[in-house]
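Asks: The following file, structure-v3.csv, comprises CSV, C-alpha atoms:
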```csv
chain,number,residue,atom,x,y,z
A,1,MET,CA,0.0,0.0,0.0
A,2,ILE,CA,1.4,3.4,-1.0
A,3,PRO,CA,0.0,6.4,0.8
A,4,LEU,CA,-1.1,9.2,-1.6
A,5,VAL,CA,1.4,11.6,0.0
A,6,VAL,CA,4.3,9.3,-1.3
A,7,ILE,CA,3.1,10.0,-4.8
A,8,SER,CA,3.4,13.7,-4.0
A,9,GLU,CA,6.9,13.2,-2.7
A,10,LEU,CA,7.9,11.5,-5.9
A,11,GLU,CA,6.4,14.4,-7.8
A,12,GLY,CA,8.5,16.8,-5.8
A,13,LYS,CA,11.7,14.9,-6.5
A,14,ARG,CA,11.2,14.7,-10.3
A,15,HIS,CA,13.9,17.3,-10.9
A,16,HIS,CA,16.2,16.4,-8.0
A,17,PRO,CA,19.8,16.3,-9.4
A,18,GLU,CA,20.6,12.8,-8.2
A,19,LEU,CA,17.2,11.2,-7.4
A,20,GLY,CA,15.1,12.8,-10.2
A,21,TRP,CA,15.5,10.0,-12.7
A,22,PHE,CA,14.5,7.4,-10.2
A,23,ALA,CA,11.5,9.4,-9.1
A,24,ARG,CA,10.3,9.8,-12.7
A,25,GLU,CA,11.0,6.1,-13.4
A,26,THR,CA,8.9,5.1,-10.4
A,27,LEU,CA,6.0,7.3,-11.5
A,28,ARG,CA,6.3,5.8,-15.0
A,29,LEU,CA,6.0,2.3,-13.6
A,30,LEU,CA,3.0,3.3,-11.6
A,31,ASP,CA,1.4,4.8,-14.7
A,32,ASP,CA,2.1,1.6,-16.6
A,33,LEU,CA,0.2,-0.3,-13.9
A,34,ARG,CA,-2.6,2.2,-14.1
A,35,LEU,CA,-2.9,1.7,-17.9
A,36,ALA,CA,-2.8,-2.1,-17.5
A,37,HIS,CA,-5.4,-2.3,-14.7
A,38,GLY,CA,-7.5,0.8,-15.2
A,39,ARG,CA,-7.1,2.2,-11.6
A,40,LEU,CA,-4.8,2.1,-8.6
A,41,ASP,CA,-7.2,2.7,-5.7
A,42,LYS,CA,-7.9,-1.0,-5.5
A,43,PRO,CA,-5.3,-3.8,-4.9
A,44,ILE,CA,-3.8,-5.0,-8.2
A,45,PRO,CA,-1.6,-8.1,-8.5
A,46,ILE,CA,2.2,-7.6,-8.8
A,47,GLY,CA,5.1,-10.1,-8.9
A,48,ASP,CA,4.9,-13.9,-8.8
A,49,SER,CA,4.5,-14.3,-5.0
A,50,GLY,CA,0.8,-13.2,-4.6
A,51,GLY,CA,1.6,-9.6,-3.8
A,52,SER,CA,-0.6,-6.6,-4.5
A,53,LEU,CA,-0.3,-2.8,-4.7
A,54,HIS,CA,-2.6,0.1,-4.4
A,55,VAL,CA,-2.5,3.8,-3.7
A,56,GLU,CA,-4.3,4.6,-0.4
A,57,LEU,CA,-6.5,7.7,-0.7
A,58,ASN,CA,-8.1,7.5,2.7
A,59,HIS,CA,-7.1,6.8,6.3
A,60,SER,CA,-5.4,10.2,6.6
A,61,ASP,CA,-7.1,11.5,9.8
A,62,PRO,CA,-4.2,12.9,11.9
A,63,SER,CA,-6.2,12.7,15.2
A,64,VAL,CA,-5.0,9.1,15.6
A,65,LEU,CA,-1.5,10.4,16.2
A,66,PRO,CA,-0.2,11.7,19.6
A,67,ALA,CA,-0.4,15.5,19.9
A,68,GLY,CA,3.4,15.9,19.3
A,69,PHE,CA,3.2,14.1,16.0
A,70,ARG,CA,0.4,16.1,14.5
A,71,THR,CA,2.6,18.3,12.3
A,72,ASP,CA,2.1,19.5,8.7
A,73,SER,CA,4.7,17.1,7.3
A,74,ASN,CA,4.7,14.2,4.9
A,75,ASP,CA,6.1,11.9,7.7
A,76,ALA,CA,3.1,12.7,9.8
A,77,ARG,CA,0.7,11.9,7.0
A,78,ILE,CA,2.4,8.6,6.3
A,79,LEU,CA,2.3,7.7,10.0
A,80,ALA,CA,-1.3,8.7,10.3
A,81,CYS,CA,-2.2,6.5,7.3
A,82,ALA,CA,-0.4,3.5,8.7
A,83,LEU,CA,-1.8,4.0,12.2
A,84,ASN,CA,-5.4,4.3,11.0
A,85,LEU,CA,-5.0,1.1,9.0
A,86,ALA,CA,-3.6,-0.6,12.1
A,87,ALA,CA,-6.6,0.6,14.1
A,88,GLU,CA,-8.7,-1.6,11.8
A,89,ASP,CA,-6.9,-4.7,13.0
A,90,LEU,CA,-4.7,-5.0,9.9
A,91,ALA,CA,-1.1,-6.2,10.2
A,92,VAL,CA,0.8,-3.0,9.2
A,93,THR,CA,4.5,-2.7,8.7
A,94,LEU,CA,6.0,0.6,7.6
A,95,VAL,CA,8.9,0.0,5.2
A,96,THR,CA,11.3,2.8,4.6
A,97,LYS,CA,15.0,3.7,4.2
A,98,ASP,CA,14.4,6.7,6.4
A,99,ILE,CA,15.8,6.0,9.9
A,100,PRO,CA,14.0,8.9,11.7
A,101,LEU,CA,10.7,7.7,10.2
A,102,ARG,CA,11.3,4.2,11.4
A,103,VAL,CA,12.0,5.5,14.9
A,104,LYS,CA,8.8,7.6,14.8
A,105,ALA,CA,6.9,4.6,13.7
A,106,GLY,CA,8.2,2.6,16.7
A,107,ALA,CA,7.3,5.5,19.0
A,108,VAL,CA,3.6,5.3,18.0
A,109,GLY,CA,3.5,1.5,18.3
A,110,LEU,CA,3.9,0.6,14.6
A,111,ASP,CA,6.1,-2.2,13.2
A,112,ALA,CA,8.7,-0.7,10.9
A,113,ASP,CA,11.4,-2.3,8.7
A,114,GLU,CA,14.2,-1.2,6.4
A,115,TYR,CA,13.7,-1.6,2.6
A,116,ARG,CA,16.2,-4.4,1.9
A,117,ALA,CA,15.7,-5.3,-1.7
A,118,GLY,CA,19.0,-3.6,-2.6
A,119,GLU,CA,21.1,-5.3,0.1
A,120,VAL,CA,23.4,-8.2,-0.4
A,121,THR,CA,24.7,-10.9,2.0
A,122,PRO,CA,28.4,-10.0,2.4
A,123,SER,CA,30.8,-12.8,1.4
A,124,GLY,CA,33.7,-11.2,3.2
A,125,TRP,CA,35.7,-11.0,-0.1
A,126,THR,CA,38.4,-8.4,0.2
A,127,GLY,CA,40.0,-9.0,-3.2
A,128,ILE,CA,43.1,-10.4,-1.6
A,129,ALA,CA,43.8,-13.9,-0.2
A,130,ASP,CA,46.8,-15.5,1.6
A,131,VAL,CA,47.9,-18.8,0.1
A,132,GLU,CA,50.5,-21.2,1.5
A,133,VAL,CA,52.5,-22.6,-1.4
A,134,GLY,CA,55.7,-24.5,-2.0
A,135,GLN,CA,59.0,-22.7,-2.8
A,136,ASP,CA,59.1,-24.4,-6.2
A,137,LEU,CA,55.9,-22.6,-7.3
A,138,VAL,CA,57.3,-19.2,-6.3
A,139,ASP,CA,60.5,-20.0,-8.2
A,140,ALA,CA,58.5,-21.1,-11.2
A,141,LEU,CA,56.5,-17.8,-11.1
A,142,PHE,CA,59.7,-15.7,-11.3
A,143,ALA,CA,61.4,-18.0,-13.8
A,144,ALA,CA,58.5,-18.2,-16.4
A,145,ASP,CA,59.0,-16.0,-19.4
A,146,ASP,CA,55.6,-14.4,-18.9
A,147,ASN,CA,55.7,-14.6,-15.1
A,148,THR,CA,52.6,-16.8,-15.0
A,149,VAL,CA,51.8,-20.2,-13.7
A,150,ASP,CA,48.5,-22.2,-14.0
A,151,LEU,CA,46.1,-21.5,-11.2
A,152,ALA,CA,45.5,-25.3,-10.9
A,153,ASP,CA,49.1,-25.8,-10.0
A,154,PHE,CA,48.5,-23.8,-6.8
A,155,GLY,CA,45.5,-26.0,-6.0
A,156,LEU,CA,43.2,-23.0,-6.5
A,157,ASP,CA,40.1,-22.3,-8.7
A,158,THR,CA,38.1,-19.2,-9.6
A,159,THR,CA,35.2,-20.3,-7.4
A,160,GLU,CA,37.1,-19.5,-4.2
A,161,HIS,CA,39.4,-17.0,-5.8
A,162,PRO,CA,37.6,-15.0,-8.5
A,163,VAL,CA,39.2,-13.4,-11.5
A,164,ASN,CA,41.5,-10.5,-10.5
A,165,THR,CA,41.8,-11.6,-6.9
A,166,GLY,CA,45.2,-10.6,-5.5
A,167,LEU,CA,47.3,-13.4,-3.9
A,168,ARG,CA,49.9,-13.2,-1.2
A,169,LEU,CA,51.9,-16.4,-1.9
A,170,LEU,CA,53.6,-17.5,1.3
A,171,ALA,CA,56.4,-20.1,1.0
A,172,GLY,CA,58.1,-20.4,4.4
A,173,THR,CA,60.6,-17.5,4.7
A,174,SER,CA,60.0,-16.2,1.2
A,175,SER,CA,56.9,-14.8,-0.5
A,176,ALA,CA,55.6,-13.3,-3.7
A,177,LEU,CA,52.5,-11.4,-4.9
A,178,GLY,CA,50.3,-12.5,-7.7
A,179,ARG,CA,46.8,-12.2,-9.1
A,180,VAL,CA,44.3,-14.4,-10.8
A,181,THR,CA,43.9,-13.7,-14.5
A,182,PRO,CA,40.8,-14.3,-16.7
A,183,ASP,CA,42.6,-17.3,-18.4
A,184,LYS,CA,43.0,-19.0,-15.0
A,185,GLN,CA,46.7,-18.2,-14.5
A,186,VAL,CA,48.5,-16.7,-11.6
A,187,LYS,CA,50.4,-13.6,-12.8
A,188,LEU,CA,53.3,-12.2,-10.8
A,189,VAL,CA,52.7,-8.8,-9.3
A,190,ARG,CA,56.0,-6.9,-9.2
A,191,GLY,CA,56.6,-4.8,-6.1
A,192,ASP,CA,58.6,-2.1,-8.0
A,193,ARG,CA,55.7,-0.9,-10.2
A,194,GLU,CA,55.0,2.8,-9.8
A,195,ALA,CA,52.3,5.3,-11.0
A,196,PHE,CA,53.3,8.9,-11.4
A,197,GLY,CA,56.1,8.4,-8.9
A,198,LEU,CA,54.0,6.6,-6.3
A,199,HIS,CA,55.1,3.1,-5.2
A,200,GLY,CA,52.9,0.7,-3.2
A,201,ARG,CA,54.1,0.5,0.4
A,202,SER,CA,52.1,-2.6,1.4
A,203,ALA,CA,51.2,-5.8,-0.4
A,204,GLU,CA,47.6,-4.5,-0.7
A,205,GLN,CA,48.7,-1.3,-2.3
A,206,ARG,CA,51.1,-3.1,-4.7
A,207,ILE,CA,48.3,-5.3,-5.9
A,208,ALA,CA,45.9,-2.4,-6.1
A,209,LEU,CA,48.5,-0.5,-8.2
A,210,ASP,CA,48.9,-3.5,-10.5
A,211,LEU,CA,45.2,-3.6,-11.1
A,212,LEU,CA,44.9,0.2,-11.6
A,213,LEU,CA,47.6,0.1,-14.2
A,214,ASP,CA,46.0,-2.7,-16.2
A,215,PRO,CA,44.0,-1.1,-19.0
A,216,ASP,CA,42.0,-4.3,-19.6
A,217,ILE,CA,40.2,-3.8,-16.2
A,218,GLY,CA,37.5,-1.3,-16.7
A,219,ILE,CA,36.2,-1.0,-13.1
A,220,VAL,CA,38.4,-1.0,-10.1
A,221,SER,CA,37.0,-0.7,-6.5
A,222,LEU,CA,39.2,0.5,-3.7
A,223,GLY,CA,37.8,0.1,-0.3
A,224,GLY,CA,39.2,0.7,3.2
A,225,ARG,CA,39.3,3.0,6.1
A,226,ALA,CA,40.5,6.6,5.9
A,227,GLY,CA,44.3,7.0,5.4
A,228,THR,CA,44.9,3.7,3.5
A,229,GLY,CA,45.8,5.5,0.3
A,230,LYS,CA,42.7,4.9,-1.8
A,231,SER,CA,42.6,8.4,-3.3
A,232,ALA,CA,46.3,8.7,-3.8
A,233,LEU,CA,46.5,5.4,-5.7
A,234,ALA,CA,43.6,6.3,-7.9
A,235,LEU,CA,44.8,9.8,-8.7
A,236,CYS,CA,48.4,8.8,-9.4
A,237,ALA,CA,47.1,5.9,-11.6
A,238,GLY,CA,44.9,8.4,-13.5
A,239,LEU,CA,47.7,10.9,-14.0
A,240,GLU,CA,50.0,8.1,-15.1
A,241,ALA,CA,47.5,7.0,-17.7
A,242,VAL,CA,46.8,10.5,-18.9
A,243,MET,CA,50.1,12.3,-18.8
A,244,GLU,CA,52.7,9.5,-19.1
A,245,ARG,CA,51.0,6.9,-21.2
A,246,GLY,CA,48.5,8.9,-23.2
A,247,LEU,CA,45.8,6.3,-22.7
A,248,HIS,CA,43.1,8.8,-21.8
A,249,LYS,CA,42.5,12.6,-22.4
A,250,ARG,CA,41.7,13.6,-18.8
A,251,VAL,CA,41.1,12.5,-15.2
A,252,VAL,CA,37.6,13.3,-14.0
A,253,VAL,CA,36.9,13.1,-10.3
A,254,PHE,CA,33.3,13.0,-9.3
A,255,ARG,CA,32.4,13.6,-5.6
A,256,PRO,CA,28.9,13.2,-4.2
A,257,MET,CA,27.3,16.3,-2.5
A,258,TYR,CA,26.9,14.7,0.9
A,259,ALA,CA,29.1,16.7,3.2
A,260,VAL,CA,29.9,15.9,6.8
A,261,GLY,CA,27.1,17.6,8.7
A,262,GLY,CA,24.8,17.6,5.7
A,263,GLN,CA,25.6,21.0,4.3
A,264,ASP,CA,24.2,21.3,0.9
A,265,LEU,CA,26.1,22.8,-2.1
A,266,GLY,CA,23.2,25.2,-2.8
A,267,TYR,CA,23.6,26.9,0.5
A,268,LEU,CA,27.2,27.9,0.0
A,269,PRO,CA,28.0,31.4,-1.4
A,270,GLY,CA,29.6,32.1,-4.7
A,271,SER,CA,29.7,30.7,-8.2
A,272,GLU,CA,29.4,27.0,-8.9
A,273,SER,CA,33.2,26.5,-9.0
A,274,GLU,CA,33.5,28.5,-5.7
A,275,LYS,CA,30.7,26.3,-4.2
A,276,MET,CA,32.6,23.2,-5.3
A,277,GLN,CA,35.9,24.3,-3.8
A,278,PRO,CA,35.3,22.7,-0.3
A,279,TRP,CA,34.6,19.3,-2.0
A,280,ALA,CA,37.4,19.7,-4.6
A,281,GLN,CA,39.9,20.7,-1.9
A,282,ALA,CA,40.2,17.1,-0.7
A,283,VAL,CA,41.4,16.1,-4.1
A,284,PHE,CA,44.0,18.9,-4.3
A,285,ASP,CA,45.2,18.1,-0.7
A,286,THR,CA,45.9,14.6,-1.8
A,287,LEU,CA,47.7,15.8,-4.9
A,288,GLU,CA,49.8,18.3,-3.0
A,289,ALA,CA,51.1,15.5,-0.8
A,290,LEU,CA,52.3,13.6,-3.9
A,291,VAL,CA,53.4,16.1,-6.6
A,292,SER,CA,54.7,19.7,-6.8
A,293,LYS,CA,52.4,22.7,-7.2
A,294,ALA,CA,54.0,23.3,-10.7
A,295,VAL,CA,52.8,19.8,-11.8
A,296,ILE,CA,49.3,20.5,-10.4
A,297,GLU,CA,49.1,23.8,-12.2
A,298,GLU,CA,50.2,22.2,-15.5
A,299,VAL,CA,47.6,19.5,-15.1
A,300,LEU,CA,44.9,22.0,-14.5
A,301,ASP,CA,46.1,24.4,-17.2
A,302,ARG,CA,46.0,21.6,-19.8
A,303,GLY,CA,42.5,20.6,-18.8
A,304,MET,CA,43.7,17.1,-17.8
A,305,LEU,CA,42.0,17.1,-14.4
A,306,GLU,CA,38.4,18.0,-13.6
A,307,VAL,CA,36.7,17.8,-10.1
A,308,LEU,CA,32.9,17.9,-10.5
A,309,PRO,CA,29.8,17.3,-8.4
A,310,LEU,CA,28.3,13.9,-9.2
A,311,THR,CA,25.1,15.8,-10.3
A,312,HIS,CA,27.0,16.7,-13.5
A,313,ILE,CA,27.2,13.1,-14.7
A,314,ARG,CA,23.5,12.9,-15.7
A,315,GLY,CA,23.2,13.2,-19.5
A,316,ARG,CA,27.0,13.0,-20.1
A,317,SER,CA,28.9,10.2,-21.9
A,318,LEU,CA,32.5,10.1,-20.7
A,319,HIS,CA,34.8,9.1,-23.5
A,320,ASP,CA,38.6,8.7,-23.2
A,321,SER,CA,38.5,9.5,-19.5
A,322,PHE,CA,40.0,8.1,-16.4
A,323,VAL,CA,37.0,8.5,-14.0
A,324,ILE,CA,37.3,8.5,-10.2
A,325,VAL,CA,34.1,8.3,-8.1
A,326,ASP,CA,35.3,9.4,-4.7
A,327,GLU,CA,33.3,8.7,-1.4
A,328,ALA,CA,31.3,6.1,-3.3
A,329,GLN,CA,30.0,4.7,0.0
A,330,SER,CA,27.4,7.5,0.1
A,331,LEU,CA,25.8,6.6,-3.2
A,332,GLU,CA,22.8,4.4,-3.6
A,333,ARG,CA,23.2,1.3,-5.8
A,334,ASN,CA,21.0,2.8,-8.6
A,335,VAL,CA,23.1,6.0,-8.6
A,336,LEU,CA,26.3,4.0,-8.9
A,337,LEU,CA,24.9,1.9,-11.8
A,338,THR,CA,23.9,5.2,-13.5
A,339,VAL,CA,27.5,6.4,-13.1
A,340,LEU,CA,28.9,3.2,-14.6
A,341,SER,CA,26.4,3.3,-17.5
A,342,ARG,CA,27.9,6.8,-18.5
A,343,LEU,CA,31.3,5.4,-19.4
A,344,GLY,CA,32.0,5.8,-23.1
A,345,SER,CA,34.7,4.3,-25.3
A,346,GLY,CA,38.2,4.4,-24.0
A,347,SER,CA,37.2,5.1,-20.4
A,348,ARG,CA,37.8,3.4,-17.0
A,349,VAL,CA,36.4,4.1,-13.6
A,350,VAL,CA,37.7,3.7,-10.1
A,351,LEU,CA,35.4,3.7,-7.1
A,352,THR,CA,36.9,4.7,-3.7
A,353,HIS,CA,34.9,4.1,-0.6
A,354,ASP,CA,34.9,3.6,3.2
A,355,VAL,CA,31.6,2.1,4.4
A,356,ALA,CA,32.3,3.3,7.9
A,357,GLN,CA,32.0,7.0,6.8
A,358,ARG,CA,28.6,7.1,5.1
A,359,ASP,CA,27.0,10.6,5.0
A,360,ASN,CA,23.9,9.4,3.2
A,361,LEU,CA,21.4,7.9,5.7
A,362,ARG,CA,19.6,6.1,2.9
A,363,VAL,CA,22.6,3.9,2.3
A,364,GLY,CA,23.3,0.9,4.6
A,365,ARG,CA,26.5,-1.0,5.1
A,366,TYR,CA,25.4,-3.8,2.8
A,367,ASP,CA,23.8,-2.0,-0.1
A,368,GLY,CA,25.1,0.7,-2.4
A,369,VAL,CA,28.7,0.0,-3.3
A,370,ALA,CA,28.8,-3.3,-1.4
A,371,ALA,CA,26.0,-4.6,-3.6
A,372,VAL,CA,27.8,-3.5,-6.7
A,373,ILE,CA,31.0,-5.3,-5.6
A,374,GLU,CA,29.2,-8.6,-4.9
A,375,LYS,CA,27.3,-8.3,-8.3
A,376,LEU,CA,30.5,-7.7,-10.3
A,377,LYS,CA,32.8,-10.0,-8.4
A,378,GLY,CA,34.5,-12.4,-10.8
A,379,HIS,CA,34.0,-10.5,-14.0
A,380,PRO,CA,37.2,-10.0,-16.0
A,381,LEU,CA,36.4,-6.2,-16.3
A,382,PHE,CA,36.2,-5.8,-12.5
A,383,ALA,CA,38.6,-5.8,-9.7
A,384,HIS,CA,38.4,-4.9,-6.0
A,385,VAL,CA,40.9,-4.5,-3.1
A,386,THR,CA,40.1,-3.7,0.5
A,387,LEU,CA,43.1,-1.7,1.9
A,388,THR,CA,43.6,-2.1,5.7
A,389,ARG,CA,47.0,-0.5,6.5
A,390,SER,CA,46.7,3.2,7.4
A,391,GLU,CA,49.4,5.4,6.0
A,392,ARG,CA,48.4,8.4,8.1
A,393,SER,CA,49.5,9.4,11.6
A,394,PRO,CA,48.9,7.0,14.5
A,395,ILE,CA,46.3,9.4,15.9
A,396,ALA,CA,44.3,9.4,12.6
A,397,ALA,CA,44.6,5.6,12.5
A,398,LEU,CA,43.3,5.3,16.1
A,399,VAL,CA,40.3,7.5,15.5
A,400,THR,CA,39.4,5.8,12.2
A,401,GLU,CA,39.5,2.4,14.0
A,402,MET,CA,37.2,3.7,16.8
A,403,LEU,CA,34.8,5.1,14.2
A,404,GLU,CA,34.7,1.8,12.3
A,405,ASP,CA,34.0,-0.1,15.5
A,406,HIS,CA,31.3,2.4,16.5
A,407,THR,CA,29.5,2.1,13.1
A,408,GLY,CA,30.1,-1.6,12.5
```
Starting from the coordinates I provided, produce the structure as structure tokens.

Replies:
Amino acid sequence: MIPLVVISELEGKRHHPELGWFARETLRLLDDLRLAHGRLDKPIPIGDSGGSLHVELNHSDPSVLPAGFRTDSNDARILACALNLAAEDLAVTLVTKDIPLRVKAGAVGLDADEYRAGEVTPSGWTGIADVEVGQDLVDALFAADDNTVDLADFGLDTTEHPVNTGLRLLAGTSSALGRVTPDKQVKLVRGDREAFGLHGRSAEQRIALDLLLDPDIGIVSLGGRAGTGKSALALCAGLEAVMERGLHKRVVVFRPMYAVGGQDLGYLPGSESEKMQPWAQAVFDTLEALVSKAVIEEVLDRGMLEVLPLTHIRGRSLHDSFVIVDEAQSLERNVLLTVLSRLGSGSRVVLTHDVAQRDNLRVGRYDGVAAVIEKLKGHPLFAHVTLTRSERSPIAALVTEMLEDHTG
């Protein structure tokens, strides 16, 4: 059952920069049902499990609510509708991604649940696995002309270790790094690879760098807590691809407009570029720690780096671009899929994210980017690495660990 006020909310969000397309698509789906069944005020069958849907026009009397809840808000109207239906001895559960609304429902005695259709059951896949091997296999990996050995020789398969999984090969006192290739080989990952002067400090970073520098991998996901080097790796890989190898024309960094504390872009003073400055500054801070100001100025003067709000991706097709979607943990799954669908020929995308620092309350720990990772896992065009070692100060690492434990 959909309260009428929800239709009004969808109508109001039709031109929202990030949610507008989804609001319009939902309204179109409802209109298709109207055309198929003639009306929506009576239950109509949907799905294959015996479900039904209708738009509830009545049961809007607010007097059923406690005095403190009788406000002129859509939340109050939704609660009133649900509570009036429950008063008729119907089993009512309010389903919403809105945490405050679920809390309010509980306060007036209604059952409430989170919308979970977009969630996944996490497999715990980090994109990296430790494998105990014999010294002879490590020697064979280094000795082979193409630095590859059959995956089966390691006693592994792609069911447990999907394509592009990084491997820490442990052979007693010696070790090596590798990754699973689409043709079921283990390929040596060399520790001396660099991107725009940046070397991987840890095994995870070296594997991530190897994946980022592989033009055959179209989507790379870098997860991990703050300070693990996600943004630095992505930016340097992008600049390497654009300035050194000429594989792309520019690096485009998209950042969602969910700021700490919820300050919206529209409330900031100045032009659009001036409004974008607080969000763009995080990118330039990372760059300044890696390269000189002269290099940054050259990159900007030549139009090789753009930092844009994610709202600008709608309607664009990104060709010959190295695209970085920063803070992807705050994006809903459908928004992420929209971003990926905008990639044109000659483009790649890197998603950087830390699920412990979600600023969008509509995104849970196991939907959004987590759902995209589980869906794409094992595809030759996709790779993921969860970075765990912090490269920031001990204080920053301590606070990040506390934050992760608190939100876990």

Asks: Could you check which residues have any atom within 12 Å of (15.7, 11.6, -12.1), counting only C-alpha atoms with coordinates taken straight from the file, and then list them as a ChimeraX atom specification?

Replies: /A:10-28,311,313-315,334-335,338

Asks: From (35.7, 10.0, -8.1), in the file's coordinates, out to 10 Å: which residues are reached, counting only C-alpha atoms? Answer as a PDB file with C-alpha atoms, in the coordinates of the input.

Replies:
```pdb
ATOM      1  CA  SER A 231      42.600   8.400  -3.300  1.00  0.00           C
ATOM      2  CA  ALA A 234      43.600   6.300  -7.900  1.00  0.00           C
ATOM      3  CA  LEU A 235      44.800   9.800  -8.700  1.00  0.00           C
ATOM      4  CA  VAL A 251      41.100  12.500 -15.200  1.00  0.00           C
ATOM      5  CA  VAL A 252      37.600  13.300 -14.000  1.00  0.00           C
ATOM      6  CA  VAL A 253      36.900  13.100 -10.300  1.00  0.00           C
ATOM      7  CA  PHE A 254      33.300  13.000  -9.300  1.00  0.00           C
ATOM      8  CA  ARG A 255      32.400  13.600  -5.600  1.00  0.00           C
ATOM      9  CA  PRO A 256      28.900  13.200  -4.200  1.00  0.00           C
ATOM     10  CA  VAL A 283      41.400  16.100  -4.100  1.00  0.00           C
ATOM     11  CA  VAL A 307      36.700  17.800 -10.100  1.00  0.00           C
ATOM     12  CA  LEU A 308      32.900  17.900 -10.500  1.00  0.00           C
ATOM     13  CA  PRO A 309      29.800  17.300  -8.400  1.00  0.00           C
ATOM     14  CA  LEU A 310      28.300  13.900  -9.200  1.00  0.00           C
ATOM     15  CA  PHE A 322      40.000   8.100 -16.400  1.00  0.00           C
ATOM     16  CA  VAL A 323      37.000   8.500 -14.000  1.00  0.00           C
ATOM     17  CA  ILE A 324      37.300   8.500 -10.200  1.00  0.00           C
ATOM     18  CA  VAL A 325      34.100   8.300  -8.100  1.00  0.00           C
ATOM     19  CA  ASP A 326      35.300   9.400  -4.700  1.00  0.00           C
ATOM     20  CA  GLU A 327      33.300   8.700  -1.400  1.00  0.00           C
ATOM     21  CA  ALA A 328      31.300   6.100  -3.300  1.00  0.00           C
ATOM     22  CA  VAL A 349      36.400   4.100 -13.600  1.00  0.00           C
ATOM     23  CA  VAL A 350      37.700   3.700 -10.100  1.00  0.00           C
ATOM     24  CA  LEU A 351      35.400   3.700  -7.100  1.00  0.00           C
ATOM     25  CA  THR A 352      36.900   4.700  -3.700  1.00  0.00           C
ATOM     26  CA  HIS A 353      34.900   4.100  -0.600  1.00  0.00           C
TER      27      HIS A 353
END
```

Asks: Name the residues in contact with A:His161 at a cut-off of 10 Å, using all atoms listed in the file, excluding same-chain residues fewer than 5 positions from it; report them as a list of chain:residue names.

Replies: A:Trp125, A:Gly127, A:Ile128, A:Ala129, A:Leu151, A:Leu156, A:Gly166, A:Leu167, A:Arg179, A:Val180, A:Lys377, A:Gly378

Asks: In Å, with one decimal, what is the gap from atom CA of A:Ala76 to atom CA of A:Val108?

Replies: 11.1 Å

Asks: List as a list in words the protein and nucleic acid residues near A:Asp146, meaning an atom at most 12 Å away when all atoms listed in the file are counted, but skip any in the same chain fewer than 5 places from it.

Replies: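 Within the cut-off, the hits are Ala140, Leu141, Gln185, Val186, Lys187, Leu188 and Val189 of chain A.
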
Asks: Interatomic distance between atom CA of A:Gly38 and atom CA of A:Cys81?

Replies: 23.8 Å

Asks: May I ask for the distance between atom CA of A:Leu35 and atom CA of A:His54, given in Å to one decimal place?

Replies: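 Value for the atom CA of A:Leu35-atom CA of A:His54 distance: 13.6 Å.
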
Asks: With all atoms listed in the file as the basis for distance, which of A:Pro66, A:Gly346, A:Gly224, A:Gly155 is at the shortest distance from A:Lys184?

Replies: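 With all atoms listed in the file as the atom set, the closest residue is A:Gly155.
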
Asks: List the spatial neighbours of A:Asp285 as a list in words - criterion: any atom at most 10 Å away, only C-alpha atoms, same-chain residues fewer than 5 positions off excluded.

Replies: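 The neighbour list is Ala232, Ala280 and Leu290 of chain A.
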
Asks: With C-alpha atoms kept, could you save the residues just selected as a PDB file, in the coordinates of the input?

Replies:
```pdb
ATOM      1  CA  ALA A 232      46.300   8.700  -3.800  1.00  0.00           C
ATOM      2  CA  ALA A 280      37.400  19.700  -4.600  1.00  0.00           C
ATOM      3  CA  LEU A 290      52.300  13.600  -3.900  1.00  0.00           C
TER       4      LEU A 290
END
```

Asks: For each of A:Ser330, A:Ser321, A:Gln357, A:Thr159, take the minimum atom-to-atom distance to A:Arg342, counting only C-alpha atoms, then give the residue where this is smallest.

Replies: A:Ser321
